[in-house]
Every structure is written in C-alpha cells, then in structure tokens.
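K.L.:
work_38.cif is the file, holding mmCIF, C-alpha atoms:
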```cif
data_model
loop_
_atom_site.group_PDB
_atom_site.id
_atom_site.type_symbol
_atom_site.label_atom_id
_atom_site.label_comp_id
_atom_site.auth_asym_id
_atom_site.auth_seq_id
_atom_site.Cartn_x
_atom_site.Cartn_y
_atom_site.Cartn_z
ATOM 1 C CA MET A 1 -17.328 170.094 6.026
ATOM 2 C CA GLU A 2 -20.162 169.071 3.744
ATOM 3 C CA THR A 3 -19.284 166.621 0.974
ATOM 4 C CA LEU A 4 -19.121 168.507 -2.313
ATOM 5 C CA SER A 5 -21.279 167.434 -5.211
ATOM 6 C CA PRO A 6 -19.703 166.957 -8.658
ATOM 7 C CA LEU A 7 -19.234 169.914 -10.957
ATOM 8 C CA THR A 8 -21.817 170.279 -13.693
ATOM 9 C CA VAL A 9 -21.855 172.307 -16.885
ATOM 10 C CA LEU A 10 -23.621 175.598 -16.217
ATOM 11 C CA GLN A 11 -27.012 175.685 -17.932
ATOM 12 C CA PRO A 12 -28.777 178.780 -19.335
ATOM 13 C CA THR A 13 -31.624 178.054 -16.919
ATOM 14 C CA GLN A 14 -29.127 178.725 -14.109
ATOM 15 C CA PHE A 15 -27.988 182.115 -15.397
ATOM 16 C CA ASP A 16 -30.400 184.111 -13.208
ATOM 17 C CA ALA A 17 -29.262 182.255 -10.088
ATOM 18 C CA ALA A 18 -25.649 182.645 -11.206
ATOM 19 C CA ALA A 19 -26.087 186.416 -11.654
ATOM 20 C CA GLU A 20 -27.560 186.647 -8.148
ATOM 21 C CA LEU A 21 -24.616 184.672 -6.777
ATOM 22 C CA LEU A 22 -22.137 186.917 -8.608
ATOM 23 C CA CYS A 23 -23.782 190.043 -7.180
ATOM 24 C CA ALA A 24 -23.396 188.663 -3.663
ATOM 25 C CA ALA A 25 -19.848 187.403 -4.191
ATOM 26 C CA PHE A 26 -18.600 190.674 -5.711
ATOM 27 C CA ALA A 27 -20.656 193.087 -3.576
ATOM 28 C CA ASP A 28 -17.500 194.473 -1.937
ATOM 29 C CA ASP A 29 -15.012 193.688 -4.687
ATOM 30 C CA PRO A 30 -12.653 196.640 -5.302
ATOM 31 C CA LEU A 31 -12.819 196.333 -9.085
ATOM 32 C CA PHE A 32 -16.608 196.299 -9.297
ATOM 33 C CA ASN A 33 -16.864 199.074 -6.708
ATOM 34 C CA TYR A 34 -14.612 201.101 -9.005
ATOM 35 C CA LEU A 35 -16.555 200.306 -12.178
ATOM 36 C CA VAL A 36 -20.022 200.619 -10.625
ATOM 37 C CA PRO A 37 -19.606 202.841 -7.548
ATOM 38 C CA THR A 38 -22.000 202.622 -4.648
ATOM 39 C CA ASP A 39 -23.524 206.020 -5.487
ATOM 40 C CA VAL A 40 -25.008 204.678 -8.734
ATOM 41 C CA GLY A 41 -28.755 204.777 -8.237
ATOM 42 C CA ASP A 42 -29.794 201.386 -9.608
ATOM 43 C CA ARG A 43 -26.498 199.703 -8.744
ATOM 44 C CA GLN A 44 -27.929 196.316 -7.782
ATOM 45 C CA ALA A 45 -29.986 196.044 -10.969
ATOM 46 C CA LEU A 46 -27.089 197.251 -13.107
ATOM 47 C CA MET A 47 -24.675 194.773 -11.515
ATOM 48 C CA SER A 48 -27.148 191.943 -12.056
ATOM 49 C CA ASP A 49 -27.600 192.885 -15.707
ATOM 50 C CA LEU A 50 -23.834 193.144 -16.232
ATOM 51 C CA PHE A 51 -23.310 189.666 -14.833
ATOM 52 C CA ARG A 52 -26.103 188.290 -17.037
ATOM 53 C CA MET A 53 -24.312 189.882 -19.974
ATOM 54 C CA LEU A 54 -21.058 188.115 -19.061
ATOM 55 C CA LEU A 55 -22.922 184.845 -18.631
ATOM 56 C CA ARG A 56 -24.522 185.194 -22.057
ATOM 57 C CA CYS A 57 -21.050 185.707 -23.530
ATOM 58 C CA GLY A 58 -19.127 183.005 -21.707
ATOM 59 C CA GLY A 59 -21.625 180.875 -19.843
ATOM 60 C CA ASN A 60 -21.456 178.066 -22.384
ATOM 61 C CA HIS A 61 -17.961 177.453 -20.967
ATOM 62 C CA GLY A 62 -19.196 177.685 -17.385
ATOM 63 C CA TYR A 63 -19.293 175.211 -14.526
ATOM 64 C CA GLY A 64 -21.533 175.174 -11.496
ATOM 65 C CA LEU A 65 -21.392 173.501 -8.126
ATOM 66 C CA THR A 66 -24.670 172.905 -6.293
ATOM 67 C CA ASP A 67 -25.719 171.407 -3.000
ATOM 68 C CA ALA A 68 -26.543 167.722 -2.727
ATOM 69 C CA ASP A 69 -30.103 168.101 -4.024
ATOM 70 C CA GLY A 70 -28.993 170.264 -6.946
ATOM 71 C CA GLN A 71 -31.169 173.209 -5.918
ATOM 72 C CA THR A 72 -28.747 175.761 -4.471
ATOM 73 C CA LEU A 73 -25.892 177.101 -6.575
ATOM 74 C CA LYS A 74 -22.768 177.345 -4.415
ATOM 75 C CA GLY A 75 -20.335 178.717 -6.956
ATOM 76 C CA ILE A 76 -19.517 179.089 -10.621
ATOM 77 C CA SER A 77 -16.460 179.371 -12.825
ATOM 78 C CA ILE A 78 -16.087 180.214 -16.493
ATOM 79 C CA TRP A 79 -13.000 178.765 -18.148
ATOM 80 C CA MET A 80 -12.436 179.898 -21.717
ATOM 81 C CA PRO A 81 -10.507 177.126 -23.495
ATOM 82 C CA PRO A 82 -7.652 177.796 -25.937
ATOM 83 C CA GLY A 83 -8.900 179.473 -29.088
ATOM 84 C CA GLN A 84 -12.054 180.859 -27.451
ATOM 85 C CA SER A 85 -12.477 184.414 -26.219
ATOM 86 C CA VAL A 86 -15.006 187.128 -25.468
ATOM 87 C CA ASP A 87 -14.301 190.388 -27.277
ATOM 88 C CA LEU A 88 -15.883 193.837 -27.294
ATOM 89 C CA VAL A 89 -18.280 192.931 -30.105
ATOM 90 C CA ASP A 90 -19.554 189.985 -28.068
ATOM 91 C CA LEU A 91 -20.089 192.247 -25.062
ATOM 92 C CA LEU A 92 -21.887 194.895 -27.106
ATOM 93 C CA LEU A 93 -24.200 192.315 -28.646
ATOM 94 C CA ALA A 94 -24.900 190.929 -25.172
ATOM 95 C CA GLY A 95 -26.023 194.344 -23.923
ATOM 96 C CA LEU A 96 -22.975 196.458 -23.066
ATOM 97 C CA TYR A 97 -24.245 199.125 -25.486
ATOM 98 C CA GLU A 98 -26.810 200.080 -22.805
ATOM 99 C CA LEU A 99 -24.113 201.046 -20.295
ATOM 100 C CA PRO A 100 -23.740 204.741 -21.310
ATOM 101 C CA PHE A 101 -27.470 205.213 -20.717
ATOM 102 C CA ARG A 102 -27.382 203.713 -17.212
ATOM 103 C CA LEU A 103 -24.089 204.867 -15.726
ATOM 104 C CA PRO A 104 -23.152 208.469 -14.854
ATOM 105 C CA TRP A 105 -20.953 209.817 -17.617
ATOM 106 C CA GLN A 106 -18.008 210.503 -15.300
ATOM 107 C CA TYR A 107 -17.573 206.755 -14.775
ATOM 108 C CA LEU A 108 -17.458 205.765 -18.433
ATOM 109 C CA PRO A 109 -13.655 206.324 -18.768
ATOM 110 C CA ARG A 110 -13.210 203.696 -16.064
ATOM 111 C CA TRP A 111 -14.962 201.195 -18.295
ATOM 112 C CA GLN A 112 -12.836 202.204 -21.263
ATOM 113 C CA ALA A 113 -9.714 201.485 -19.210
ATOM 114 C CA ALA A 114 -11.111 198.151 -18.032
ATOM 115 C CA ILE A 115 -12.065 197.081 -21.548
ATOM 116 C CA ALA A 116 -8.525 197.926 -22.684
ATOM 117 C CA LEU A 117 -7.270 195.223 -20.305
ATOM 118 C CA ASP A 118 -8.317 192.686 -22.919
ATOM 119 C CA ARG A 119 -5.580 194.020 -25.189
ATOM 120 C CA GLU A 120 -3.012 193.607 -22.406
ATOM 121 C CA HIS A 121 -4.293 190.083 -21.826
ATOM 122 C CA HIS A 122 -3.600 189.069 -25.404
ATOM 123 C CA GLN A 123 -0.251 190.855 -25.475
ATOM 124 C CA ALA A 124 0.821 188.965 -22.359
ATOM 125 C CA MET A 125 -0.569 185.646 -23.621
ATOM 126 C CA PRO A 126 -0.274 185.493 -27.427
ATOM 127 C CA MET A 127 -0.167 181.690 -27.354
ATOM 128 C CA PRO A 128 -3.224 179.421 -26.942
ATOM 129 C CA HIS A 129 -4.145 179.292 -23.257
ATOM 130 C CA TRP A 130 -6.883 178.673 -20.712
ATOM 131 C CA TYR A 131 -8.479 181.845 -19.338
ATOM 132 C CA LEU A 132 -10.367 182.046 -16.055
ATOM 133 C CA MET A 133 -12.980 184.608 -17.017
ATOM 134 C CA LEU A 134 -14.946 184.360 -13.766
ATOM 135 C CA LEU A 135 -14.838 182.490 -10.490
ATOM 136 C CA ALA A 136 -17.249 183.218 -7.671
ATOM 137 C CA VAL A 137 -18.418 181.396 -4.572
ATOM 138 C CA SER A 138 -21.552 182.344 -2.664
ATOM 139 C CA PRO A 139 -20.601 184.025 0.622
ATOM 140 C CA ARG A 140 -22.542 181.281 2.414
ATOM 141 C CA PHE A 141 -20.229 178.594 1.053
ATOM 142 C CA GLN A 142 -16.801 180.211 1.057
ATOM 143 C CA ARG A 143 -13.821 178.458 2.700
ATOM 144 C CA GLN A 144 -15.428 175.063 2.127
ATOM 145 C CA GLY A 145 -13.407 173.881 -0.872
ATOM 146 C CA VAL A 146 -15.868 175.157 -3.468
ATOM 147 C CA GLY A 147 -13.390 177.501 -5.146
ATOM 148 C CA HIS A 148 -10.773 174.755 -5.319
ATOM 149 C CA GLN A 149 -13.205 172.463 -7.096
ATOM 150 C CA LEU A 150 -14.237 175.198 -9.527
ATOM 151 C CA MET A 151 -10.581 175.660 -10.497
ATOM 152 C CA GLN A 152 -10.208 172.084 -11.667
ATOM 153 C CA PRO A 153 -11.668 172.241 -15.220
ATOM 154 C CA GLY A 154 -9.063 174.766 -16.323
ATOM 155 C CA LEU A 155 -6.171 173.314 -14.356
ATOM 156 C CA GLU A 156 -6.864 169.798 -15.578
ATOM 157 C CA GLY A 157 -7.318 171.058 -19.135
ATOM 158 C CA SER A 158 -4.040 172.960 -18.920
ATOM 159 C CA ASP A 159 -2.192 169.917 -17.610
ATOM 160 C CA ARG A 160 -3.760 167.719 -20.269
ATOM 161 C CA THR A 161 -2.963 169.991 -23.217
ATOM 162 C CA GLY A 162 0.301 171.446 -21.915
ATOM 163 C CA GLN A 163 -1.017 174.995 -22.376
ATOM 164 C CA PRO A 164 -0.805 177.748 -19.737
ATOM 165 C CA CYS A 165 -3.584 179.406 -17.732
ATOM 166 C CA TYR A 166 -4.174 183.133 -17.233
ATOM 167 C CA LEU A 167 -6.402 185.209 -14.968
ATOM 168 C CA GLU A 168 -6.879 188.641 -13.418
ATOM 169 C CA THR A 169 -7.948 189.599 -9.909
ATOM 170 C CA SER A 170 -8.225 192.657 -7.682
ATOM 171 C CA THR A 171 -7.807 191.346 -4.122
ATOM 172 C CA GLU A 172 -4.774 190.109 -2.218
ATOM 173 C CA GLY A 173 -6.782 187.233 -0.780
ATOM 174 C CA ALA A 174 -7.584 185.996 -4.263
ATOM 175 C CA VAL A 175 -3.926 186.313 -5.260
ATOM 176 C CA ARG A 176 -2.951 184.029 -2.384
ATOM 177 C CA PHE A 177 -5.696 181.561 -3.347
ATOM 178 C CA TYR A 178 -4.461 181.396 -6.940
ATOM 179 C CA GLN A 179 -0.832 181.125 -5.868
ATOM 180 C CA ARG A 180 -1.775 178.036 -3.866
ATOM 181 C CA HIS A 181 -3.009 176.603 -7.167
ATOM 182 C CA GLY A 182 0.316 177.162 -8.892
ATOM 183 C CA PHE A 183 -0.156 180.633 -10.374
ATOM 184 C CA GLU A 184 2.587 183.248 -10.429
ATOM 185 C CA ILE A 185 2.143 187.004 -10.652
ATOM 186 C CA VAL A 186 2.794 188.457 -14.108
ATOM 187 C CA LYS A 187 1.964 192.095 -13.401
ATOM 188 C CA THR A 188 0.611 194.144 -10.528
ATOM 189 C CA GLY A 189 -0.537 197.721 -10.082
ATOM 190 C CA PRO A 190 -3.574 199.894 -10.861
ATOM 191 C CA PHE A 191 -4.614 199.773 -14.520
ATOM 192 C CA ALA A 192 -5.892 203.371 -14.479
ATOM 193 C CA GLU A 193 -5.839 206.497 -12.329
ATOM 194 C CA GLN A 194 -7.697 205.899 -9.050
ATOM 195 C CA ALA A 195 -8.240 202.257 -9.984
ATOM 196 C CA PRO A 196 -7.783 199.616 -7.280
ATOM 197 C CA PRO A 197 -4.768 197.300 -7.167
ATOM 198 C CA PHE A 198 -4.901 194.754 -9.954
ATOM 199 C CA TRP A 199 -2.982 191.553 -10.587
ATOM 200 C CA THR A 200 -2.523 189.326 -13.598
ATOM 201 C CA LEU A 201 -1.351 185.780 -12.959
ATOM 202 C CA ARG A 202 -0.182 182.859 -15.017
ATOM 203 C CA ARG A 203 0.256 179.143 -14.441
ATOM 204 C CA GLY A 204 2.430 177.114 -16.770
#
```
Do you think you could lay out the structure here as structure tokens?

P.N.:
Amino acid sequence: METLSPLTVLQPTQFDAAAELLCAAFADDPLFNYLVPTDVGDRQALMSDLFRMLLRCGGNHGYGLTDADGQTLKGISIWMPPGQSVDLVDLLLAGLYELPFRLPWQYLPRWQAAIALDREHHQAMPMPHWYLMLLAVSPRFQRQGVGHQLMQPGLEGSDRTGQPCYLETSTEGAVRFYQRHGFEIVKTGPFAEQAPPFWTLRRG
C-alpha cells in the first residue's frame, strides 16, 4: 500500500478536480441515481454542477488527500464543525435555483423530499455537533486507507470537544465503514416513495 500523504485543507483551486472526483465516486450511488436519474439528458454536466454547488457552500470546511507529488486528488471530506451549517438559502445562492430549469419536472418532488432531510437532521441533532457533509474517494484509490484518513478531522474534533458526529448515507457498504469508525445507526428506511434505502448515523 502506498504511503498516504498528509491531509490538507481543500482549496478553491481544487474545486473543479474535487467535482470530477465526486462525479466518479458517486456515479452508481443509489441516492444520486434517484435524484438525477440516468435518463436525464445532461446528467454528467448536471452532476458536476451540483457538486460544485456543494463545494461552494461547504468547501471552506473541506479536506483533501493527494498523491505524494500533490497533483492527483485521491479523496475529499467536508466536515461542518459545531455551529456551522449549509441551509436552503446557501444552496439557492450557490446555484440550486437553476435546478427546475435543468431537471425534468417529474423529478423535482424527489429533491423536495431530499431537502427536507435537513429538517430531520436538526431534529435528530439539536445540540452542537460535527456533520460529515461529504466524503468521497476516487475509485482508483478506494480500499487504500484514504477514507479512514479523511474521517479523522471530524472524529478528532469530536473527541477534542466532546461533541457528537452525525452523517447520512445510502449504501450498506458505507454503513459498515462508518460503524467501524464508531458510528451507530439512528434511523433507516427510504425517506420518500421509491427512494433508495437511507441511513442516518451518530457517533458520541
């Protein structure tokens, strides 16, 4: 296994590479296949723009892991610290307002249901907490310890401050990965009709 380089704070100049990585990492993700189905005409471009939007909202709390020469981005995580959050207004200002013009109308209720998950998040976690907004590893570098390293900023922050962590995921493999890092399932089940399985997890 290649020796991992240290984590670095994600820079705005890396957002394009990060969006490309996210597209590759989530290409077959059940949640994103539900929100942006494969029959959407400009799916790749729309996915890339959506990830850039998320990076503009939360990327200042992001971490990146590169190869030894710092050129290839292997993975990213965005850990929102206690007291920080991304709300609907942030998403709209970052470009979400364009979504109704780019997505077939029949899929818009899916986005309404997904956006409503933010309310459930805050109901489940009313106290200050660390939130894993995104974690993705390039398919080329999975199962090499990259994801474990990208978990550390939030886990170490949680241990240091004594505040819990929270996250959501839509695959059983990811659930097992997070459980190995001390997370326990809070809730499971589809969040809307025809939605894929969905888990919320907490540590601490």

K.L.:
What does the PyMOL selection byres ((chain A and resi 72) around 12) select in this file, as a PyMOL selection string?

P.N.:
chain A and resi 5+14+17-18+20-21+64-71+73-76+137-138+140-141

K.L.:
Is there a way to get, as an MDAnalysis selection string, all residues within 10 Å of the point (-2.5, 187.0, -4.2) in file coordinates, counting all atoms listed in the file?

P.N.:
chainID A and resid 169:180 183:185 198:201

K.L.:
Report, in Å to a single decimal, how far apart atom CA of A:Ala136 and atom CA of A:Ser77 are.

P.N.:
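So the two atoms, atom CA of A:Ser77 and atom CA of A:Ala136, lie 6.5 Å apart.
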
K.L.:
List the neighbours of stretch 151-160 of chain A out to 12 Å using all atoms listed in the file; skip same-chain residues closer than 3 positions along the sequence, and give me the result as an MDAnalysis selection string.

P.N.:
chainID A and resid 6:9 61:65 75:82 128:137 145:148 163:167 177:178 180:183 202:204

K.L.:
Quick one: pull the distance between atom CA of A:Asp39 and atom CA of A:Pro104, Å, one decimal.

P.N.:
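Between atom CA of A:Asp39 and atom CA of A:Pro104 the gap is 9.7 Å.
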
K.L.:
Interatomic distance between atom CA of A:Arg52 and atom CA of A:Phe15?

P.N.:
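Pair atom CA of A:Arg52 / atom CA of A:Phe15 returns 6.7 Å.
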
K.L.:
Just checking: using only C-alpha atoms, which residue out of A:Gln44, A:Ile115, A:Pro197, A:Asp29 ends up closest to A:Val89?

P.N.:
A:Ile115
